[in-house]
$ cat query16.cif   # mmCIF, C-alpha atoms and all ligand atoms
data_data
#
loop_
_atom_site.label_atom_id
_atom_site.label_comp_id
_atom_site.auth_asym_id
_atom_site.auth_seq_id
_atom_site.Cartn_x
_atom_site.Cartn_y
_atom_site.Cartn_z
CA MET A 1 20.77 -2.99 2.45
CA LYS A 2 17.45 -4.83 2.70
CA ILE A 3 14.17 -3.29 1.61
CA LEU A 4 10.81 -4.70 2.62
CA TYR A 5 7.96 -3.49 0.48
CA PHE A 6 4.29 -3.81 -0.19
CA THR A 7 2.65 -2.56 -3.37
CA ALA A 8 -0.76 -2.80 -5.02
CA THR A 9 -0.22 -0.83 -8.20
CA GLY A 10 3.56 -0.63 -8.41
CA ASN A 11 4.38 2.83 -7.01
CA SER A 12 6.02 1.48 -3.88
CA LEU A 13 7.78 -1.29 -5.78
CA TYR A 14 9.20 1.25 -8.21
CA ILE A 15 10.54 3.29 -5.29
CA ALA A 16 11.91 0.18 -3.54
CA LYS A 17 13.67 -0.95 -6.74
CA SER A 18 15.09 2.52 -7.31
CA ILE A 19 16.49 2.84 -3.79
CA GLY A 20 18.34 -0.41 -4.40
CA GLY A 21 19.48 -3.25 -2.20
CA GLU A 22 17.89 -6.67 -1.72
CA LEU A 23 14.11 -6.56 -2.08
CA TYR A 24 11.74 -8.57 0.10
CA SER A 25 8.01 -8.54 -0.50
CA ILE A 26 6.06 -8.21 2.76
CA PRO A 27 3.26 -10.56 1.59
CA GLN A 28 5.91 -13.17 0.82
CA MET A 29 7.53 -12.68 4.23
CA VAL A 30 4.12 -13.02 5.92
CA LYS A 31 3.43 -16.17 3.89
CA GLU A 32 6.78 -17.66 4.98
CA ASP A 33 6.34 -16.44 8.55
CA ILE A 34 9.59 -14.44 8.42
CA TYR A 35 9.55 -11.45 10.74
CA GLU A 36 13.19 -11.01 11.74
CA PHE A 37 15.58 -9.09 9.49
CA THR A 38 19.27 -8.37 9.88
CA ASN A 39 21.40 -5.94 7.91
CA GLU A 40 23.32 -2.72 8.51
CA LYS A 41 20.55 -0.79 6.74
CA ILE A 42 16.91 -1.88 6.51
CA GLY A 43 14.06 0.00 4.84
CA ILE A 44 10.34 -0.41 4.45
CA VAL A 45 8.41 1.05 1.51
CA PHE A 46 4.63 0.97 1.29
CA PRO A 47 1.58 3.01 0.23
CA LEU A 48 -0.28 5.33 2.57
CA HIS A 49 -3.93 4.45 3.15
CA ALA A 50 -6.38 6.89 4.73
CA TRP A 51 -3.73 9.39 5.88
CA SER A 52 -2.05 6.63 7.85
CA VAL A 53 -0.25 3.27 7.78
CA PRO A 54 -2.44 0.50 6.24
CA PRO A 55 -3.61 -2.04 8.84
CA TYR A 56 -1.80 -4.82 6.97
CA ILE A 57 1.53 -2.98 7.43
CA VAL A 58 0.69 -2.15 11.05
CA ASP A 59 0.20 -5.87 11.76
CA PHE A 60 3.48 -6.70 10.02
CA LEU A 61 5.46 -4.03 11.90
CA LYS A 62 4.06 -5.10 15.24
CA LYS A 63 5.48 -8.59 14.69
CA ALA A 64 8.75 -7.55 13.01
CA LYS A 65 12.20 -7.51 14.57
CA PHE A 66 14.88 -5.41 12.89
CA ASN A 67 18.53 -5.96 13.73
CA CYS A 68 20.16 -2.96 12.06
CA GLU A 69 22.05 0.28 12.54
CA TYR A 70 19.75 2.33 10.35
CA LEU A 71 16.02 1.71 9.86
CA PHE A 72 14.12 3.85 7.38
CA ALA A 73 10.61 4.09 5.94
CA VAL A 74 9.47 5.63 2.67
CA VAL A 75 5.75 6.07 2.22
CA THR A 76 4.20 6.58 -1.21
CA TYR A 77 1.02 8.62 -1.39
CA GLY A 78 -1.11 10.60 -3.83
CA ILE A 79 -2.29 13.86 -2.33
CA TYR A 80 -2.05 14.24 1.42
CA SER A 81 -0.09 12.08 3.85
CA GLY A 82 -1.67 13.24 7.14
CA ALA A 83 0.51 12.37 10.10
CA VAL A 84 1.90 9.12 8.75
CA ALA A 85 5.32 9.72 10.33
CA LYS A 86 3.74 10.09 13.74
CA HIS A 87 1.67 6.98 13.14
CA LEU A 88 4.80 5.03 12.15
CA SER A 89 6.76 6.34 15.13
CA ASP A 90 3.92 5.36 17.48
CA ILE A 91 3.82 1.85 16.02
CA ALA A 92 7.61 1.58 16.35
CA ASP A 93 7.50 2.80 19.98
CA GLU A 94 4.90 0.19 20.79
CA ALA A 95 6.84 -2.55 19.00
CA GLY A 96 10.16 -1.55 20.62
CA PHE A 97 12.16 -0.15 17.71
CA ARG A 98 12.90 3.26 16.20
CA PHE A 99 12.97 4.65 12.67
CA SER A 100 16.11 6.68 11.95
CA TYR A 101 14.50 8.26 8.91
CA ILE A 102 10.91 8.56 7.62
CA SER A 103 10.10 10.19 4.30
CA ARG A 104 7.42 10.17 1.64
CA ILE A 105 7.08 10.36 -2.13
CA LYS A 106 4.03 11.86 -3.82
CA MET A 107 2.95 9.74 -6.78
CA VAL A 108 -0.21 8.83 -8.72
CA ASP A 109 -3.15 8.44 -6.34
CA ASN A 110 -4.74 5.03 -6.90
CA TYR A 111 -7.76 5.58 -4.61
CA LEU A 112 -10.58 4.54 -6.91
CA PRO A 113 -13.65 5.52 -4.89
CA THR A 114 -12.98 9.23 -5.33
CA PHE A 115 -10.46 9.65 -8.13
CA ASP A 116 -10.51 9.23 -11.89
CA MET A 117 -7.27 7.42 -12.73
CA GLU A 118 -6.95 9.16 -16.10
CA LYS A 119 -6.90 12.53 -14.36
CA GLU A 120 -4.54 11.28 -11.65
CA ILE A 121 -2.12 9.91 -14.24
CA ALA A 122 -2.24 13.24 -16.11
CA LYS A 123 -1.12 15.02 -12.93
CA GLU A 124 1.97 12.81 -12.55
CA PRO A 125 4.53 15.13 -14.26
CA LYS A 126 3.66 17.94 -11.84
CA LYS A 127 4.59 15.72 -8.90
CA LYS A 128 8.24 15.56 -10.03
CA ILE A 129 8.61 12.01 -8.78
CA GLU A 130 12.19 11.59 -10.00
CA GLN A 131 13.32 14.68 -8.08
CA GLN A 132 11.63 13.47 -4.90
CA LEU A 133 13.18 10.05 -5.40
CA GLU A 134 16.69 11.42 -5.90
CA ALA A 135 16.39 13.44 -2.68
CA VAL A 136 15.22 10.42 -0.69
CA LYS A 137 17.93 8.21 -2.21
CA SER A 138 20.67 10.65 -1.31
CA ASP A 139 19.32 10.95 2.28
CA ILE A 140 19.37 7.17 2.63
CA THR A 141 22.84 6.87 1.13
CA ALA A 142 24.05 9.45 3.66
CA SER A 143 22.18 7.62 6.47
CA LYS A 144 20.40 10.88 7.23
CA GLU A 145 18.47 10.96 10.50
CA GLY A 146 15.07 12.62 10.76
CA THR A 147 11.39 12.26 10.09
CA LEU A 148 8.80 14.28 8.23
CA LYS A 149 7.68 17.46 9.90
CA GLU A 150 3.98 17.20 10.64
CA ASN A 151 1.97 19.99 12.19
CA PHE A 152 -0.92 20.16 14.59
CA LEU A 153 -3.49 19.97 11.77
CA ASP A 154 -1.89 16.81 10.31
CA LYS A 155 -2.01 15.18 13.73
CA ALA A 156 -5.59 16.33 14.28
CA ALA A 157 -6.50 14.83 10.90
CA MET A 158 -4.99 11.53 11.95
CA ASN A 159 -6.84 11.59 15.27
CA TYR A 160 -10.03 12.21 13.33
CA MET A 161 -9.36 9.09 11.27
CA PHE A 162 -8.85 7.00 14.37
CA ARG A 163 -11.35 8.65 16.61
CA ARG A 164 -13.94 5.91 16.77
CA ASP A 165 -13.09 2.24 16.88
CA GLY A 166 -9.44 2.48 15.94
CA LYS A 167 -10.12 1.64 12.31
CA PRO A 168 -9.01 4.06 9.59
CA PHE A 169 -11.77 5.98 7.88
CA SER A 170 -11.44 4.32 4.48
CA GLU A 171 -12.18 0.97 6.06
CA LYS A 172 -15.23 2.36 7.77
CA ARG A 173 -16.37 3.97 4.58
CA LEU A 174 -16.43 0.71 2.72
CA LYS A 175 -17.32 -1.26 5.83
CA VAL A 176 -14.81 -3.97 5.05
CA HIS A 177 -12.89 -5.13 8.17
CA VAL A 178 -15.42 -3.43 10.42
CA VAL A 179 -18.27 -5.58 9.21
CA GLY A 180 -15.87 -8.40 8.36
CA GLU A 181 -18.18 -9.50 5.61
CA GLY A 182 -20.38 -7.94 2.99
CA ILE A 183 -17.60 -7.04 0.59
CA GLU A 184 -19.96 -8.01 -2.25
CA ASN A 185 -21.95 -4.89 -1.37
CA TYR A 186 -18.98 -2.72 -2.34
CA ILE A 187 -17.09 -4.63 -4.98
CA TYR A 188 -18.72 -6.42 -7.88
CA VAL A 189 -17.49 -8.49 -10.80
CA GLU A 190 -18.90 -8.05 -14.32
CA ASP A 191 -19.64 -10.86 -16.75
CA SER A 192 -16.59 -9.76 -18.78
CA CYS A 193 -14.49 -11.71 -16.20
CA VAL A 194 -12.67 -14.48 -18.05
CA GLN A 195 -11.51 -16.24 -14.85
CA CYS A 196 -7.87 -15.66 -15.69
CA GLY A 197 -7.01 -15.66 -11.97
CA VAL A 198 -4.86 -12.50 -12.05
CA CYS A 199 -6.98 -10.93 -9.28
CA ALA A 200 -6.32 -13.90 -7.00
CA SER A 201 -2.61 -13.79 -7.82
CA VAL A 202 -2.15 -10.10 -7.03
CA CYS A 203 -4.19 -10.18 -3.84
CA PRO A 204 -1.67 -9.94 -0.97
CA VAL A 205 -3.96 -11.62 1.56
CA ASN A 206 -5.31 -14.51 -0.49
CA ASN A 207 -8.81 -13.12 -0.31
CA ILE A 208 -9.96 -14.17 -3.79
CA GLU A 209 -10.88 -17.63 -4.96
CA MET A 210 -11.96 -18.98 -8.31
CA ASP A 211 -15.06 -21.10 -8.00
CA ALA A 212 -14.56 -24.00 -10.40
CA LYS A 213 -18.25 -24.93 -10.30
CA ASN A 214 -19.87 -21.67 -11.35
CA GLY A 215 -16.77 -20.17 -12.97
CA LYS A 216 -16.99 -17.04 -10.81
CA ILE A 217 -14.58 -15.38 -8.43
CA SER A 218 -15.54 -15.04 -4.80
CA LEU A 219 -14.18 -12.57 -2.28
CA SER A 220 -13.68 -13.40 1.36
CA ASP A 221 -13.45 -11.06 4.37
CA LYS A 222 -9.67 -10.41 4.59
CA CYS A 223 -9.64 -7.47 2.16
CA PHE A 224 -7.86 -4.35 3.42
CA MET A 225 -8.70 -2.39 0.31
CA CYS A 226 -5.43 -2.09 -1.55
CA PHE A 227 -7.31 -2.37 -4.89
CA ALA A 228 -4.59 -4.52 -6.49
CA CYS A 229 -7.28 -6.88 -7.88
CA ILE A 230 -9.29 -4.04 -9.41
CA HIS A 231 -6.42 -2.09 -10.95
CA ASN A 232 -4.70 -5.16 -12.36
CA CYS A 233 -7.68 -7.06 -13.80
CA PRO A 234 -6.80 -7.61 -17.49
CA SER A 235 -10.53 -7.54 -18.42
CA ASN A 236 -11.35 -4.54 -16.22
CA ALA A 237 -14.17 -6.67 -14.81
CA ILE A 238 -13.86 -5.76 -11.10
CA HIS A 239 -15.47 -2.55 -9.89
CA ILE A 240 -16.30 -0.59 -6.79
CA LYS A 241 -19.92 0.48 -6.57
CA GLY A 242 -20.07 4.18 -7.28
CA GLU A 243 -16.51 4.47 -8.61
CA VAL A 244 -15.98 7.73 -10.48
CA SER A 245 -14.42 6.15 -13.57
CA ASN A 246 -13.45 2.75 -14.94
CA ALA A 247 -9.89 3.89 -15.75
CA ARG A 248 -7.21 1.87 -13.98
CA PHE A 249 -3.58 2.45 -12.98
CA ARG A 250 -0.33 0.51 -12.81
CA ASN A 251 3.04 2.25 -12.39
CA ASN A 252 4.70 2.07 -15.79
CA HIS A 253 8.07 1.00 -14.34
CA VAL A 254 6.50 -2.16 -12.94
CA THR A 255 5.05 -5.15 -14.79
CA LEU A 256 2.04 -7.26 -13.90
CA LYS A 257 4.44 -10.20 -13.58
CA GLU A 258 6.38 -8.34 -10.88
CA LEU A 259 3.18 -7.58 -8.97
CA ILE A 260 2.10 -11.21 -9.14
CA HIS A 261 5.55 -12.27 -7.95
CA SER A 262 5.35 -9.75 -5.09
CA ASN A 263 1.87 -10.53 -3.82
CA ASN A 264 1.09 -14.08 -4.86
CA GLN A 265 0.26 -16.16 -1.82
CA MET A 266 -0.55 -19.40 -3.66
C1 LIG B 1 -7.46 2.47 0.41
C2 LIG B 1 -6.53 3.56 -0.06
C3 LIG B 1 -6.44 4.72 0.68
C4 LIG B 1 -5.58 5.75 0.26
N1 LIG B 1 -5.50 6.87 1.03
C5 LIG B 1 -4.68 7.87 0.65
C6 LIG B 1 -4.60 9.06 1.46
O1 LIG B 1 -5.21 9.18 2.51
N2 LIG B 1 -3.81 10.06 1.01
C7 LIG B 1 -3.08 9.97 -0.14
O2 LIG B 1 -2.39 10.91 -0.47
N3 LIG B 1 -3.12 8.85 -0.91
C8 LIG B 1 -3.91 7.80 -0.53
N4 LIG B 1 -3.98 6.66 -1.30
C9 LIG B 1 -3.15 6.58 -2.53
C10 LIG B 1 -1.92 5.68 -2.38
O3 LIG B 1 -1.26 5.92 -1.16
C11 LIG B 1 -0.92 5.93 -3.53
O4 LIG B 1 -1.50 5.91 -4.77
C12 LIG B 1 0.24 4.93 -3.43
O5 LIG B 1 1.37 5.47 -4.08
C13 LIG B 1 -0.07 3.59 -4.05
O6 LIG B 1 1.06 2.77 -3.94
P1 LIG B 1 1.19 1.34 -4.61
O7 LIG B 1 1.09 1.55 -6.11
O8 LIG B 1 2.54 0.88 -4.21
O9 LIG B 1 0.10 0.48 -4.09
C14 LIG B 1 -4.81 5.62 -0.92
C15 LIG B 1 -4.92 4.43 -1.67
C16 LIG B 1 -5.76 3.42 -1.25
C17 LIG B 1 -5.86 2.16 -2.07
#

$ encode --input "query16.cif" --output "structure tokens"
Amino acid sequence: MKILYFTATGNSLYIAKSIGGELYSIPQMVKEDIYEFTNEKIGIVFPLHAWSVPPYIVDFLKKAKFNCEYLFAVVTYGIYSGAVAKHLSDIADEAGFRFSYISRIKMVDNYLPTFDMEKEIAKEPKKKIEQQLEAVKSDITASKEGTLKENFLDKAAMNYMFRRDGKPFSEKRLKVHVVGEGIENYIYVEDSCVQCGVCASVCPVNNIEMDAKNGKISLSDKCFMCFACIHNCPSNAIHIKGEVSNARFRNNHVTLKELIHSNNQM
């Protein structure tokens, strides 16, 4: 079994590791221009963004070719997953493949603009992550067919997200991607930054550079808002304007080293 994954704060990597098989980081595959995968069983594990599939994963899936008997997706999310299964199925239809199985696992919500990470982490035991994980693992072992049941309201919610220019709501909200620039209006770096470079190393799209002249980090316009840089900054120096708390999150089954290894594009 091969599992392709993307993670910003470790939830999806923890799930990918737990399911088992050979792990392939999507940012690494993109960096190496590898889009064709062959195995009896192939899975993709990634976080939900804005009730839907993050644009980075959409772009990857549209280019990918899967030669397999059984293709599955497991989406990690924090509170509400909208109609992510429908979104994934639509992407697959367009790209010419089909998911045999789509499921989700509710974990700590890492969405900083509206949530206090301390409170989100405190809610983790109620989510019974291990039980969800065991159920998903046994489905995958049994090559179970089927996707999440989503109702009319879930689909309406997804249509609402996409109703304007095809960009998910969270992107519009922070105007990154849509504006293509101006990220400095939403994310700022405090003087406590020690230029350790961790932010640049965990950024999956190589959007962060260290400026040797002024000793500051600069952000470019490729950000798709995964928040890996913010959550993983050892000095807690990167912030979103208006964030509700400065608490940060990393899944405690995953190390910073693993995240750097997964996302580093250098
Ligand atoms: C930009 C962004 C948007 C998100 N939107 C949602 C959402 O709509 N619903 C939800 O339940 N969780 C949402 N989340 C939470 C993540 O899906 C969740 O914390 C995920 O498990 C993080 O996985 P990771 O640690 O592998 O990056 C969002 C997170 C980010 C960064």

$ residues_around --input "query16.cif" --residues "range 56-71 of chain A" --least-positions-apart "2" --cutoff "8 Å" --atoms "all atoms listed in the file" --output "ChimeraX atom specification"
/A:26,30,35-43,46,53-54,73,91-92,94-95,97-101,143,224

$ write_last_selection --input "query16.cif" --atoms "C-alpha atoms" --output "mmCIF file, keeping the file's coordinate frame"
data_model
loop_
_atom_site.group_PDB
_atom_site.id
_atom_site.type_symbol
_atom_site.label_atom_id
_atom_site.label_comp_id
_atom_site.auth_asym_id
_atom_site.auth_seq_id
_atom_site.Cartn_x
_atom_site.Cartn_y
_atom_site.Cartn_z
ATOM 1 C CA ILE A 26 6.060 -8.210 2.760
ATOM 2 C CA VAL A 30 4.120 -13.020 5.920
ATOM 3 C CA TYR A 35 9.550 -11.450 10.740
ATOM 4 C CA GLU A 36 13.190 -11.010 11.740
ATOM 5 C CA PHE A 37 15.580 -9.090 9.490
ATOM 6 C CA THR A 38 19.270 -8.370 9.880
ATOM 7 C CA ASN A 39 21.400 -5.940 7.910
ATOM 8 C CA GLU A 40 23.320 -2.720 8.510
ATOM 9 C CA LYS A 41 20.550 -0.790 6.740
ATOM 10 C CA ILE A 42 16.910 -1.880 6.510
ATOM 11 C CA GLY A 43 14.060 0.000 4.840
ATOM 12 C CA PHE A 46 4.630 0.970 1.290
ATOM 13 C CA VAL A 53 -0.250 3.270 7.780
ATOM 14 C CA PRO A 54 -2.440 0.500 6.240
ATOM 15 C CA ALA A 73 10.610 4.090 5.940
ATOM 16 C CA ILE A 91 3.820 1.850 16.020
ATOM 17 C CA ALA A 92 7.610 1.580 16.350
ATOM 18 C CA GLU A 94 4.900 0.190 20.790
ATOM 19 C CA ALA A 95 6.840 -2.550 19.000
ATOM 20 C CA PHE A 97 12.160 -0.150 17.710
ATOM 21 C CA ARG A 98 12.900 3.260 16.200
ATOM 22 C CA PHE A 99 12.970 4.650 12.670
ATOM 23 C CA SER A 100 16.110 6.680 11.950
ATOM 24 C CA TYR A 101 14.500 8.260 8.910
ATOM 25 C CA SER A 143 22.180 7.620 6.470
ATOM 26 C CA PHE A 224 -7.860 -4.350 3.420
#

$ residues_near_ligand --input "query16.cif" --ligand "ligand LIG 1 (chain B)" --cutoff "7 Å" --atoms "only C-alpha atoms and all ligand atoms" --output "ChimeraX atom specification"
/A:6-13,46-52,76-81,106-111,170,225-227,250-251

$ residues_around --input "query16.cif" --residues "range 218-221 of chain A" --least-positions-apart "2" --cutoff "7 Å" --atoms "all atoms listed in the file" --output "list in words"
Gly180, Glu181, Ile183, Asn207, Ile208, Glu209, Met210, Asp211, Lys216 and Cys223 of chain A

$ residues_around --input "query16.cif" --residues "Asn264 in chain A" --least-positions-apart "2" --cutoff "8 Å" --atoms "all atoms listed in the file" --output "list in words"
Pro27, Gln28, Ala200, Ser201, Val202, Cys203, Pro204, Asn206, Leu259, Ile260, His261, Ser262 and Met266 of chain A

$ atom_distance --input "query16.cif" --atom1 "CA of Leu112 in chain A" --atom2 "CA of His231 in chain A"
8.8 Å

$ closest_residue --input "query16.cif" --among "A:Tyr5, A:Met117, A:Ala228, A:Gln195" --to "Lys213 in chain A" --atoms "all atoms listed in the file"
A:Gln195

$ closest_residue --input "query16.cif" --among "A:Ser25, A:Asn252, A:Asn232, A:Ser18" --to "Ile140 in chain A" --atoms "all atoms listed in the file"
A:Ser18

$ atom_distance --input "query16.cif" --atom1 "CA of Glu32 in chain A" --atom2 "CA of Leu4 in chain A"
13.8 Å

$ atom_distance --input "query16.cif" --atom1 "CA of Met1 in chain A" --atom2 "CA of Asp93 in chain A"
22.7 Å

$ residues_around --input "query16.cif" --residues "Val194 in chain A" --least-positions-apart "4" --cutoff "9 Å" --atoms "all atoms listed in the file" --output "PyMOL selection string"
chain A and resi 215-216+235+237

$ write_last_selection --input "query16.cif" --atoms "C-alpha atoms" --output "tab-separated table (two decimals), keeping the file's coordinate frame"
chain	number	residue	atom	x	y	z
A	215	GLY	CA	-16.77	-20.17	-12.97
A	216	LYS	CA	-16.99	-17.04	-10.81
A	235	SER	CA	-10.53	-7.54	-18.42
A	237	ALA	CA	-14.17	-6.67	-14.81

$ closest_residue --input "query16.cif" --among "A:Arg104, A:Phe162, A:Gly82, A:Asn236" --to "Leu133 in chain A" --atoms "only C-alpha atoms"
A:Arg104

$ closest_residue --input "query16.cif" --among "A:Glu124, A:Glu118, A:Glu190, A:Glu22" --to "Ile3 in chain A" --atoms "all atoms listed in the file"
A:Glu22

$ build_atoms --input "query16.cif" --residues "range 38-61 of chain A" --atoms "N, CA and C atoms" --output "mmCIF file, in the frame of the given file"
data_model
loop_
_atom_site.group_PDB
_atom_site.id
_atom_site.type_symbol
_atom_site.label_atom_id
_atom_site.label_comp_id
_atom_site.auth_asym_id
_atom_site.auth_seq_id
_atom_site.Cartn_x
_atom_site.Cartn_y
_atom_site.Cartn_z
ATOM 1 N N THR A 38 17.973 -8.846 9.406
ATOM 2 C CA THR A 38 19.270 -8.370 9.880
ATOM 3 C C THR A 38 20.058 -7.773 8.723
ATOM 4 N N ASN A 39 20.530 -6.591 8.894
ATOM 5 C CA ASN A 39 21.400 -5.940 7.910
ATOM 6 C C ASN A 39 21.828 -4.608 8.530
ATOM 7 N N GLU A 40 22.910 -4.019 7.977
ATOM 8 C CA GLU A 40 23.320 -2.720 8.510
ATOM 9 C C GLU A 40 22.214 -1.678 8.302
ATOM 10 N N LYS A 41 21.593 -1.750 7.092
ATOM 11 C CA LYS A 41 20.550 -0.790 6.740
ATOM 12 C C LYS A 41 19.294 -1.544 6.314
ATOM 13 N N ILE A 42 18.165 -1.222 6.913
ATOM 14 C CA ILE A 42 16.910 -1.880 6.510
ATOM 15 C C ILE A 42 15.866 -0.787 6.243
ATOM 16 N N GLY A 43 15.105 -0.979 5.166
ATOM 17 C CA GLY A 43 14.060 0.000 4.840
ATOM 18 C C GLY A 43 12.732 -0.685 4.617
ATOM 19 N N ILE A 44 11.675 0.097 4.768
ATOM 20 C CA ILE A 44 10.340 -0.410 4.450
ATOM 21 C C ILE A 44 9.656 0.629 3.560
ATOM 22 N N VAL A 45 9.063 0.146 2.477
ATOM 23 C CA VAL A 45 8.410 1.050 1.510
ATOM 24 C C VAL A 45 6.997 0.534 1.282
ATOM 25 N N PHE A 46 6.026 1.413 1.435
ATOM 26 C CA PHE A 46 4.630 0.970 1.290
ATOM 27 C C PHE A 46 3.731 2.160 0.970
ATOM 28 N N PRO A 47 2.501 1.901 0.509
ATOM 29 C CA PRO A 47 1.580 3.010 0.230
ATOM 30 C C PRO A 47 0.834 3.483 1.472
ATOM 31 N N LEU A 48 0.557 4.752 1.512
ATOM 32 C CA LEU A 48 -0.280 5.330 2.570
ATOM 33 C C LEU A 48 -1.744 4.987 2.286
ATOM 34 N N HIS A 49 -2.479 4.619 3.296
ATOM 35 C CA HIS A 49 -3.930 4.450 3.150
ATOM 36 C C HIS A 49 -4.622 5.289 4.208
ATOM 37 N N ALA A 50 -5.570 6.096 3.786
ATOM 38 C CA ALA A 50 -6.380 6.890 4.730
ATOM 39 C C ALA A 50 -5.521 7.711 5.688
ATOM 40 N N TRP A 51 -4.587 8.482 5.125
ATOM 41 C CA TRP A 51 -3.730 9.390 5.880
ATOM 42 C C TRP A 51 -2.893 8.660 6.917
ATOM 43 N N SER A 52 -2.759 7.364 6.803
ATOM 44 C CA SER A 52 -2.050 6.630 7.850
ATOM 45 C C SER A 52 -1.452 5.330 7.291
ATOM 46 N N VAL A 53 -0.893 4.531 8.183
ATOM 47 C CA VAL A 53 -0.250 3.270 7.780
ATOM 48 C C VAL A 53 -1.345 2.217 7.578
ATOM 49 N N PRO A 54 -1.381 1.506 6.428
ATOM 50 C CA PRO A 54 -2.440 0.500 6.240
ATOM 51 C C PRO A 54 -2.399 -0.567 7.332
ATOM 52 N N PRO A 55 -3.558 -1.063 7.747
ATOM 53 C CA PRO A 55 -3.610 -2.040 8.840
ATOM 54 C C PRO A 55 -2.745 -3.278 8.586
ATOM 55 N N TYR A 56 -2.626 -3.653 7.325
ATOM 56 C CA TYR A 56 -1.800 -4.820 6.970
ATOM 57 C C TYR A 56 -0.329 -4.573 7.359
ATOM 58 N N ILE A 57 0.138 -3.339 7.107
ATOM 59 C CA ILE A 57 1.530 -2.980 7.430
ATOM 60 C C ILE A 57 1.683 -2.817 8.946
ATOM 61 N N VAL A 58 0.643 -2.287 9.591
ATOM 62 C CA VAL A 58 0.690 -2.150 11.050
ATOM 63 C C VAL A 58 0.893 -3.536 11.675
ATOM 64 N N ASP A 59 0.102 -4.503 11.208
ATOM 65 C CA ASP A 59 0.200 -5.870 11.760
ATOM 66 C C ASP A 59 1.599 -6.440 11.537
ATOM 67 N N PHE A 60 2.137 -6.198 10.332
ATOM 68 C CA PHE A 60 3.480 -6.700 10.020
ATOM 69 C C PHE A 60 4.521 -6.061 10.950
ATOM 70 N N LEU A 61 4.452 -4.727 11.086
ATOM 71 C CA LEU A 61 5.460 -4.030 11.900
ATOM 72 C C LEU A 61 5.392 -4.444 13.362
#
